[in-house]
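The file entry.txt comes next; it holds compact mmCIF, C-alpha atoms and all ligand atoms.
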# COMPACT_ATOMS: atom_id res chain seq x y z
CA MET Q 1 50.85 23.34 17.97
CA ASN Q 2 47.21 24.00 17.23
CA ASN Q 3 46.11 26.98 15.27
CA ARG Q 4 44.44 29.07 17.98
CA LEU Q 5 47.39 28.72 20.33
CA ALA Q 6 49.64 29.92 17.53
CA GLN Q 7 47.38 32.95 17.06
CA LEU Q 8 47.45 33.66 20.77
CA GLN Q 9 51.24 33.46 20.76
CA GLU Q 10 51.35 35.89 17.89
CA ARG Q 11 49.03 38.26 19.69
CA LEU Q 12 51.17 38.21 22.83
CA ASP Q 13 54.27 38.61 20.72
CA ALA Q 14 52.88 41.91 19.44
CA ILE Q 15 53.57 43.29 22.93
CA GLU Q 16 57.13 44.54 23.11
CA ASP Q 17 59.37 43.36 25.90
CA PRO Q 18 61.03 46.51 27.31
CA LEU Q 19 64.32 44.76 27.99
CA THR Q 20 64.88 42.89 24.74
CA GLY Q 21 62.92 45.10 22.34
CA LYS Q 22 61.37 41.92 20.90
CA GLY Q 23 57.97 40.35 21.44
CA LEU Q 24 57.01 38.97 24.87
CA PHE Q 25 56.75 35.45 23.53
CA THR Q 26 59.97 35.55 21.54
CA SER Q 27 61.71 36.93 24.61
CA GLY Q 28 60.71 33.82 26.55
CA ARG Q 29 58.60 35.70 29.10
CA ILE Q 30 55.42 33.67 28.52
CA LEU Q 31 55.20 30.25 30.13
CA GLY Q 32 52.53 27.58 30.33
CA LEU Q 33 50.27 29.02 27.65
CA ASP Q 34 46.97 27.12 27.70
CA TRP Q 35 43.68 27.61 25.86
CA ARG Q 36 41.03 25.17 26.95
CA ASP Q 37 38.03 24.04 24.94
CA ASP Q 38 35.71 26.03 27.20
CA GLY Q 39 37.53 29.23 26.20
CA LYS Q 40 39.62 29.63 29.36
CA VAL Q 41 43.09 30.97 28.67
CA SER Q 42 45.90 30.94 31.19
CA PHE Q 43 49.59 31.74 31.16
CA THR Q 44 52.41 33.02 33.31
CA ILE Q 45 54.55 36.06 32.59
CA GLU Q 46 57.96 35.74 34.13
CA ALA Q 47 59.51 39.09 34.95
CA PRO Q 48 63.27 39.40 35.43
CA ALA Q 49 64.58 40.14 38.94
CA GLY Q 50 63.55 43.56 40.21
CA GLU Q 51 61.28 44.30 37.23
CA ALA Q 52 57.94 43.21 38.66
CA ALA Q 53 56.44 46.71 38.67
CA ARG Q 54 57.26 47.36 35.03
CA TYR Q 55 55.91 44.00 33.94
CA ALA Q 56 52.68 44.40 35.88
CA LYS Q 57 51.48 46.85 33.19
CA LEU Q 58 52.43 44.39 30.48
CA ARG Q 59 50.55 41.66 32.29
CA ASP Q 60 47.39 43.79 32.25
CA ARG Q 61 47.80 44.46 28.58
CA ALA Q 62 48.51 40.83 27.74
CA GLU Q 63 45.42 39.82 29.69
CA ALA Q 64 43.22 42.37 27.89
CA ASP Q 65 44.62 41.45 24.48
CA ALA Q 66 44.04 37.76 25.06
CA ARG Q 67 40.54 38.40 26.33
CA ALA Q 68 39.73 40.34 23.16
CA MET Q 69 40.33 37.28 21.01
CA LYS Q 70 37.39 35.45 19.54
CA GLY Q 71 36.43 32.34 21.51
CA VAL Q 72 38.15 33.43 24.73
CA THR Q 73 35.82 33.45 27.75
CA SER Q 74 38.27 34.23 30.55
CA VAL Q 75 41.96 34.87 31.06
CA VAL Q 76 44.19 34.20 34.03
CA ALA Q 77 47.63 35.76 33.62
CA VAL Q 78 49.93 35.27 36.57
CA LEU Q 79 52.95 37.52 36.95
CA THR Q 80 55.96 35.95 38.60
CA ALA Q 81 59.17 37.70 39.50
CA HIS Q 82 62.44 36.19 40.64
CA GLU Q 83 63.19 38.00 43.83
CA GLY Q 84 64.98 35.37 45.84
CA PRO Q 85 63.35 32.69 47.94
CA PRO Q 86 59.81 33.41 49.13
CA ARG Q 87 59.52 34.93 52.55
CA GLN Q 88 56.76 33.66 54.73
CA THR Q 89 55.09 36.33 56.78
CA GLY Q 90 52.36 36.44 59.39
CA GLY Q 91 51.23 33.32 61.22
CA ILE Q 92 53.10 30.91 58.94
CA ALA Q 93 56.47 32.66 59.29
CA LYS Q 94 57.90 29.87 61.43
CA VAL Q 95 56.71 26.96 59.30
CA LYS Q 96 59.58 25.18 57.55
CA HIS Q 97 57.80 23.22 54.83
CA ILE Q 98 54.31 23.82 53.48
CA ILE Q 99 52.88 20.98 51.42
CA ALA Q 100 49.66 21.18 49.41
CA ILE Q 101 47.56 18.01 49.21
CA ALA Q 102 45.67 18.29 45.96
CA SER Q 103 43.36 16.31 43.74
CA ALA Q 104 41.67 16.95 40.44
CA LYS Q 105 38.29 15.64 41.60
CA GLY Q 106 36.32 15.28 44.82
CA GLY Q 107 35.75 11.94 46.46
CA VAL Q 108 39.14 10.41 45.71
CA GLY Q 109 40.18 10.38 49.38
CA LYS Q 110 42.22 13.59 49.39
CA SER Q 111 41.09 14.73 52.84
CA THR Q 112 41.41 11.26 54.34
CA LEU Q 113 44.97 11.05 53.05
CA ALA Q 114 45.80 14.62 54.12
CA VAL Q 115 44.76 13.96 57.72
CA ASN Q 116 46.50 10.59 57.94
CA LEU Q 117 49.66 11.86 56.24
CA ALA Q 118 49.73 14.69 58.78
CA CYS Q 119 49.49 12.11 61.58
CA ALA Q 120 52.24 10.10 59.85
CA PHE Q 121 54.56 13.12 59.79
CA ALA Q 122 53.81 13.69 63.46
CA ALA Q 123 54.56 10.00 64.18
CA LEU Q 124 57.90 10.40 62.40
CA GLY Q 125 58.78 13.14 64.86
CA PHE Q 126 57.99 16.26 62.83
CA LYS Q 127 56.05 19.10 64.39
CA THR Q 128 53.08 19.07 62.06
CA GLY Q 129 50.03 21.15 61.24
CA LEU Q 130 47.00 20.49 59.05
CA LEU Q 131 45.19 23.38 57.39
CA ASP Q 132 41.91 22.38 55.78
CA LEU Q 133 41.42 24.86 52.95
CA ASP Q 134 38.72 22.87 51.23
CA VAL Q 135 36.36 25.79 51.80
CA TYR Q 136 33.60 24.25 49.72
CA GLY Q 137 33.54 21.03 51.70
CA PRO Q 138 35.63 21.18 54.87
CA SER Q 139 36.12 17.68 56.27
CA ALA Q 140 38.68 18.18 59.05
CA PRO Q 141 35.92 18.63 61.67
CA THR Q 142 34.63 15.12 60.90
CA LEU Q 143 37.97 13.43 60.26
CA LEU Q 144 39.54 14.79 63.44
CA GLY Q 145 36.38 14.85 65.53
CA VAL Q 146 36.76 18.54 66.32
CA ARG Q 147 33.60 20.15 67.66
CA GLU Q 148 34.91 23.13 69.59
CA LYS Q 149 35.70 26.51 68.12
CA PRO Q 150 39.32 27.70 67.99
CA ALA Q 151 40.39 30.35 70.47
CA PRO Q 152 41.10 33.90 69.32
CA GLY Q 153 44.71 35.03 69.74
CA PRO Q 154 46.03 38.58 70.19
CA ASP Q 155 45.51 41.20 67.45
CA LYS Q 156 42.73 39.47 65.53
CA THR Q 157 44.71 36.28 65.12
CA ILE Q 158 43.32 32.76 65.50
CA LEU Q 159 45.02 29.94 67.38
CA PRO Q 160 44.95 26.48 65.80
CA MET Q 161 43.31 23.57 67.60
CA GLU Q 162 45.53 20.77 68.92
CA VAL Q 163 44.42 17.16 68.42
CA TYR Q 164 46.23 13.85 67.82
CA GLY Q 165 49.58 15.59 68.15
CA LEU Q 166 48.69 18.00 65.33
CA LYS Q 167 47.92 21.66 65.15
CA THR Q 168 44.92 22.12 62.92
CA MET Q 169 42.64 24.75 61.45
CA SER Q 170 39.65 24.51 59.16
CA ILE Q 171 37.00 26.91 57.97
CA GLY Q 172 34.69 24.16 59.23
CA TYR Q 173 35.77 24.91 62.84
CA LEU Q 174 34.58 28.49 62.43
CA VAL Q 175 31.35 28.19 60.46
CA ASP Q 176 29.21 25.16 59.80
CA ALA Q 177 30.04 23.22 56.67
CA ALA Q 178 26.70 23.91 55.02
CA SER Q 179 27.22 27.70 55.00
CA ALA Q 180 30.78 27.37 53.68
CA MET Q 181 29.53 25.30 50.77
CA ILE Q 182 27.36 28.02 49.28
CA TRP Q 183 30.20 30.53 49.11
CA ARG Q 184 31.11 31.86 45.71
CA GLY Q 185 34.50 32.72 44.28
CA ALA Q 186 35.39 36.01 45.98
CA MET Q 187 34.14 34.91 49.38
CA ALA Q 188 35.97 31.62 49.23
CA THR Q 189 39.14 33.40 48.16
CA SER Q 190 38.94 35.86 51.03
CA ALA Q 191 38.27 33.05 53.51
CA VAL Q 192 41.41 31.38 52.21
CA ARG Q 193 43.42 34.58 52.63
CA GLN Q 194 42.16 34.90 56.18
CA MET Q 195 43.10 31.30 56.96
CA ILE Q 196 46.59 31.89 55.61
CA ASP Q 197 47.20 35.30 57.15
CA GLU Q 198 45.54 35.14 60.56
CA VAL Q 199 46.22 31.69 61.97
CA VAL Q 200 49.29 31.63 64.22
CA TRP Q 201 50.96 28.24 63.83
CA GLY Q 202 54.12 28.84 65.82
CA GLU Q 203 57.12 26.67 64.98
CA LEU Q 204 56.30 23.77 62.68
CA ASP Q 205 58.36 21.44 60.51
CA MET Q 206 55.47 20.59 58.21
CA LEU Q 207 52.17 22.22 57.40
CA LEU Q 208 49.90 20.13 55.19
CA ILE Q 209 47.20 22.00 53.34
CA ASP Q 210 44.10 20.12 52.27
CA MET Q 211 43.19 21.95 49.06
CA PRO Q 212 39.79 22.08 47.39
CA PRO Q 213 39.65 19.74 44.39
CA GLY Q 214 40.47 21.07 40.94
CA THR Q 215 42.51 23.99 39.66
CA GLY Q 216 40.45 27.10 40.39
CA ASP Q 217 40.82 30.48 42.12
CA VAL Q 218 41.45 29.13 45.61
CA GLN Q 219 44.37 27.06 44.38
CA LEU Q 220 45.87 30.02 42.55
CA THR Q 221 45.39 32.28 45.59
CA LEU Q 222 47.26 29.78 47.68
CA VAL Q 223 50.23 29.23 45.40
CA GLN Q 224 50.50 32.98 44.97
CA ARG Q 225 50.49 33.78 48.68
CA VAL Q 226 52.45 30.93 50.16
CA GLY Q 227 55.89 29.56 49.37
CA LEU Q 228 55.01 25.90 48.95
CA ALA Q 229 57.69 23.26 49.42
CA GLY Q 230 55.64 21.21 47.01
CA ALA Q 231 52.40 19.43 46.28
CA ILE Q 232 51.22 15.87 46.68
CA ILE Q 233 48.56 14.85 44.17
CA ILE Q 234 46.00 12.21 45.09
CA SER Q 235 44.28 10.19 42.38
CA THR Q 236 42.29 7.03 41.91
CA PRO Q 237 43.41 4.63 39.16
CA GLN Q 238 40.68 5.38 36.60
CA GLU Q 239 41.78 6.66 33.22
CA MET Q 240 39.26 9.53 33.45
CA ALA Q 241 40.66 10.79 36.73
CA LEU Q 242 44.14 10.72 35.24
CA ALA Q 243 43.44 13.32 32.55
CA ASP Q 244 42.68 15.77 35.36
CA VAL Q 245 45.81 14.74 37.22
CA ARG Q 246 47.80 15.86 34.20
CA ARG Q 247 46.04 19.23 34.38
CA GLY Q 248 46.86 19.49 38.09
CA ILE Q 249 50.51 18.74 37.45
CA ALA Q 250 50.51 21.40 34.73
CA MET Q 251 49.10 24.00 37.16
CA PHE Q 252 51.79 23.39 39.73
CA ASP Q 253 54.39 23.39 36.98
CA LYS Q 254 53.18 26.74 35.73
CA THR Q 255 53.60 28.26 39.16
CA ARG Q 256 56.94 26.48 39.71
CA THR Q 257 55.69 24.42 42.61
CA PRO Q 258 57.51 21.08 42.75
CA VAL Q 259 55.24 18.06 42.62
CA LEU Q 260 56.59 15.89 45.46
CA GLY Q 261 54.67 12.99 44.05
CA VAL Q 262 51.44 11.26 43.13
CA VAL Q 263 49.63 8.85 45.46
CA GLU Q 264 47.24 6.30 44.01
CA ASN Q 265 44.35 5.87 46.43
CA MET Q 266 41.82 3.03 46.38
CA ALA Q 267 44.39 1.18 44.29
CA TYR Q 268 43.04 -2.28 45.01
CA LEU Q 269 41.02 -4.38 47.43
CA GLU Q 270 42.74 -7.13 49.33
CA THR Q 271 40.74 -10.38 49.13
CA PRO Q 272 40.55 -12.77 52.13
CA ASP Q 273 42.99 -15.16 50.40
CA GLY Q 274 45.59 -12.36 50.21
CA GLY Q 275 45.01 -11.57 46.53
CA ARG Q 276 44.51 -8.11 45.07
CA GLN Q 277 41.46 -7.03 43.17
CA HIS Q 278 42.07 -3.95 41.04
CA LEU Q 279 38.54 -2.59 40.95
CA PHE Q 280 39.35 0.60 39.04
CA GLY Q 281 42.21 -0.62 36.84
CA GLU Q 282 45.83 -1.14 37.63
CA GLY Q 283 48.82 1.18 37.86
CA GLY Q 284 47.25 4.15 36.05
CA ALA Q 285 48.48 6.83 38.46
CA ARG Q 286 51.98 5.36 38.46
CA ARG Q 287 52.09 5.54 34.65
CA THR Q 288 50.66 9.06 34.61
CA ALA Q 289 53.32 10.20 37.09
CA ALA Q 290 56.06 8.57 35.02
CA GLU Q 291 54.78 10.18 31.81
CA ALA Q 292 54.67 13.61 33.47
CA GLY Q 293 58.12 13.13 34.95
CA VAL Q 294 57.02 13.45 38.58
CA PRO Q 295 57.67 10.95 41.40
CA PHE Q 296 55.23 8.24 42.39
CA LEU Q 297 54.90 8.00 46.18
CA GLY Q 298 52.91 4.81 46.55
CA GLU Q 299 49.56 3.04 46.50
CA MET Q 300 46.93 3.05 49.21
CA PRO Q 301 44.54 0.08 49.07
CA ILE Q 302 40.85 0.26 49.86
CA ASP Q 303 40.73 -0.35 53.59
CA ILE Q 304 37.41 -0.52 55.37
CA GLN Q 305 39.12 0.21 58.72
CA LEU Q 306 40.42 3.45 57.27
CA ARG Q 307 36.90 4.42 56.23
CA ILE Q 308 35.40 3.53 59.62
CA ALA Q 309 38.12 5.27 61.62
CA SER Q 310 37.69 8.37 59.42
CA ASP Q 311 33.94 8.48 59.97
CA MET Q 312 34.45 8.23 63.72
CA GLY Q 313 36.93 11.09 63.78
CA HIS Q 314 39.88 8.93 64.82
CA PRO Q 315 42.58 9.06 62.13
CA LEU Q 316 43.78 5.48 61.58
CA VAL Q 317 47.47 6.41 61.72
CA ALA Q 318 46.93 7.71 65.27
CA SER Q 319 44.33 5.18 66.45
CA ALA Q 320 45.86 2.01 64.91
CA PRO Q 321 49.54 2.90 64.45
CA ASN Q 322 50.56 -0.76 64.07
CA SER Q 323 48.23 -1.47 61.14
CA ALA Q 324 49.63 -2.11 57.67
CA THR Q 325 47.79 0.97 56.41
CA ALA Q 326 49.38 3.22 59.06
CA GLN Q 327 52.77 1.83 58.05
CA ARG Q 328 52.05 2.73 54.41
CA PHE Q 329 51.16 6.26 55.37
CA ARG Q 330 54.47 6.62 57.20
CA GLU Q 331 56.31 5.29 54.13
CA ILE Q 332 54.55 7.74 51.83
CA ALA Q 333 55.29 10.60 54.26
CA GLU Q 334 58.96 9.61 54.33
CA ALA Q 335 59.15 9.43 50.54
CA ALA Q 336 57.53 12.86 50.22
CA ARG Q 337 59.87 14.26 52.86
CA GLY Q 338 62.86 12.97 50.90
CA ASN Q 339 61.63 14.70 47.75
CA ILE Q 340 61.37 18.15 49.37
CA ALA Q 341 65.10 18.78 49.37
CA ARG Q 342 65.70 16.87 46.14
CA LEU Q 343 63.16 18.85 44.12
CA ALA Q 344 63.57 22.28 45.74
CA LYS Q 345 63.63 24.92 43.00
CA PRO Q 346 64.89 28.45 43.44
CA ALA Q 347 61.26 29.46 43.95
CA PRO Q 348 60.16 32.81 42.59
CA ARG Q 349 58.17 35.16 44.71
CA ILE Q 350 54.92 35.47 42.89
CA SER Q 351 53.49 38.94 42.73
CA VAL Q 352 49.76 39.25 42.48
CA VAL Q 353 48.81 42.35 40.57
P1 LIG K 1 37.92 13.83 49.07
O1 LIG K 1 38.62 14.64 50.12
O2 LIG K 1 38.81 13.53 47.90
O3 LIG K 1 36.60 14.38 48.65
P2 LIG K 1 37.44 11.91 51.19
O4 LIG K 1 38.76 11.91 51.87
O5 LIG K 1 36.33 12.67 51.84
O6 LIG K 1 37.61 12.38 49.68
O7 LIG K 1 37.03 10.39 50.98
C1 LIG K 1 35.81 10.02 50.42
C2 LIG K 1 35.30 8.74 51.09
O8 LIG K 1 36.15 7.64 50.75
C3 LIG K 1 35.29 8.82 52.61
O9 LIG K 1 34.17 8.14 53.07
C4 LIG K 1 36.57 8.07 53.01
O10 LIG K 1 36.46 7.48 54.29
C5 LIG K 1 36.64 7.02 51.92
N1 LIG K 1 38.02 6.59 51.62
C6 LIG K 1 39.05 7.35 51.17
N2 LIG K 1 40.16 6.61 50.97
C7 LIG K 1 39.83 5.34 51.28
C8 LIG K 1 40.53 4.08 51.27
N3 LIG K 1 41.81 4.01 50.88
N4 LIG K 1 39.86 3.00 51.69
C9 LIG K 1 38.56 3.06 52.09
N5 LIG K 1 37.86 4.19 52.10
C10 LIG K 1 38.46 5.33 51.71

Here is a file; write its structure as structure tokens.
Ligand code: ADP
Amino acid sequence: MNNRLAQLQERLDAIEDPLTGKGLFTSGRILGLDWRDDGKVSFTIEAPAGEAARYAKLRDRAEADARAMKGVTSVVAVLTAHEGPPRQTGGIAKVKHIIAIASAKGGVGKSTLAVNLACAFAALGFKTGLLDLDVYGPSAPTLLGVREKPAPGPDKTILPMEVYGLKTMSIGYLVDAASAMIWRGAMATSAVRQMIDEVVWGELDMLLIDMPPGTGDVQLTLVQRVGLAGAIIISTPQEMALADVRRGIAMFDKTRTPVLGVVENMAYLETPDGGRQHLFGEGGARRTAAEAGVPFLGEMPIDIQLRIASDMGHPLVASAPNSATAQRFREIAEAARGNIARLAKPAPRISVV
């Protein structure tokens, strides 16, 4: 344990837990304490069942106390309370499983995999939706070739578009991508809220959410507002990308979201003689998953057909369902599906204060 974390623990322990009479830390209320080199501190306070209101005050104090420490630039303290399984409300009330597709960095193929995995779930017979929440760089309009605007529903709701057997919504269907990209924190967060609260999905088995890369405000807003069945993390094999994957896994862990698995994209290039060229190293994501104790869902090779189909707005899984790559997507979808029930945790309802 490094010195500053120990000091932070001590500081939080100076706050008395009303139920045990001991410090918050000693009472086991503080989880996932993290102090990054850039001065960002984050942790979760876990309130006992029915005590969320009382602990909200303690959360504020813990946040202020942490912020007052030398070297701290910002603090994110999330309050969670065990109040039974999360209840979905609004337009996602009838969605059975919501899965976040996440990556630590941009450009690793997250959106490409999200769209094709959604098509794979649909091909396996699940009623499936795809919500593109990558507000800073929405790619669903390109990947699915959607050019029309979604229709408004009753009472200020929005109806998803229907393409390739999927229901889909993206901020990119509503505004052009260039204006979405200049949004700052609060605006992006409120766009995300709107996407979650106002889109009426109807009955779905699976809703895949294409998240923005990284572990920022949008991601936290999402995990706080939606009861996720789990997250799938996309990575490339490079060692540098893997450090961020560990951070991503830690974020989901902190908010008690099961990681359904890691997918290694651009794992290798198949040579004409049937060999495999590991351009970015071999097996890194698999090892990282094993070290973190989360499942590995599979490798996706570099496939020029996948890139071309994506650019044309025809997801490969729908346009070339008999290809080896489409088959892989269906296998990864099946593996992820199997992990939903296996990894289901008694999820807390997370109160945002
Ligand atoms: P991200 O969502 O992580 O920013 P994208 O899904 O937009 O990444 O993918 C970035 C680029 O890489 C796109 O041009 C996409 O077509 C291409 N790409 C992604 N995965 C593969 C793959 N397995 N084989 C070939 N090209 C890929």

Review point. Hey, which residues come within 9 Å of ligand LIG 1 (chain K) if we count all atoms listed in the file? Could you give them as a PyMOL selection string?
Key: chain Q and resi 102-115+134+137-139+143+210-213+234-235+265-269+299-311+325

Point to revise | Residue neighbourhood Gly281 in chain Q, 8 Å, all atoms listed in the file, exclusion window fewer than 2 positions, as JSON, numbers by chain | key: {"Q": [237, 238, 267, 278, 279, 283, 284]}

Point to revise | Which residue of Q:Ala250, Q:Val41, Q:Leu33, Q:Val226 approaches Ala292 in chain Q most closely, using only C-alpha atoms | key: Q:Ala250

**Study point:** Residue contacts of range 162-167 of chain Q (10 Å, all atoms listed in the file) excluding same-chain residues fewer than 5 positions away, as a PyMOL selection string
**Key:** chain Q and resi 115+118-119+121-123+126-131+144-146+150+201-202+204+207+314-315+317-319

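With distances taken over all atoms listed in the file, Q:Arg342 is the one residue among Q:Arg342, Q:Arg246, Q:Arg61, Q:Arg36 lying closest to Leu260 in chain Q.
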
Exercise for review: Anything within 7 Å of (57.6, 19.6, 52.4): list those residues as a PyMOL selection string, counting only C-alpha atoms and sticking to the file's coordinates.
Suggested key: chain Q and resi 97-99+206+229-230+337+340

Practice item. Have a look at Q:Leu208, Q:Ala243, Q:Leu222, Q:Ala52 and name the one nearest to Thr255 in chain Q; count all atoms listed in the file. Key: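 Nearest to Thr255 in chain Q: Q:Leu222.
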
Exercise for review: Using all atoms listed in the file, determine which residues lie at most 7 Å from range 189-194 of chain Q, disregarding the query and same-chain residues fewer than 6 positions distant; provide the list as number ranges by chain.
Suggested key: Q: 133, 217-218, 221

Point to revise | Residues within 12 Å of (57.8, 35.8, 21.6), counting only C-alpha atoms, listed as a VMD selection string | key: chain Q and resid 6 to 17 20 to 31 33 45

**Study point:** Option closest in space to Arg247 in chain Q, from Q:Ile233, Q:Ala62, Q:Ala320, Q:Leu297 [counting all atoms listed in the file]
**Key:**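 Nearest candidate to Arg247 in chain Q out of Q:Ile233, Q:Ala62, Q:Ala320, Q:Leu297: Q:Ile233.
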
Exercise for review: Work out how far CA of Ser74 in chain Q is from CA of Lys40 in chain Q, in Å to one decimal.
Suggested key: 4.9 Å

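Picture a line from CA of Leu124 in chain Q to CA of Met169 in chain Q; it runs 21.0 Å.
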
Practice item. May I ask which of the residues Q:Arg286, Q:Gln224, Q:Arg328, Q:Asp197 is the closest one to Ala93 in chain Q, counting all atoms listed in the file? Key: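 Going through Q:Arg286, Q:Gln224, Q:Arg328, Q:Asp197 one by one, the smallest distance to Ala93 in chain Q is for Q:Asp197.
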
Exercise for review: Determine, counting all atoms listed in the file, which protein, DNA and RNA residues have an atom within 8 Å of an atom of Ala47 in chain Q; residues of the same chain fewer than 4 positions away are not included. Present the result as a PyMOL selection string.
Suggested key: chain Q and resi 29+51-52+55+79-82

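One distance worth recording is that between CA of Pro258 in chain Q and CA of Gly50 in chain Q, which is 23.4 Å.
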
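When only C-alpha atoms are used to compute distances to Glu198 in chain Q, the closest of the residues Q:Asn339, Q:Thr157, Q:Thr215, Q:Gln327 turns out to be Q:Thr157.
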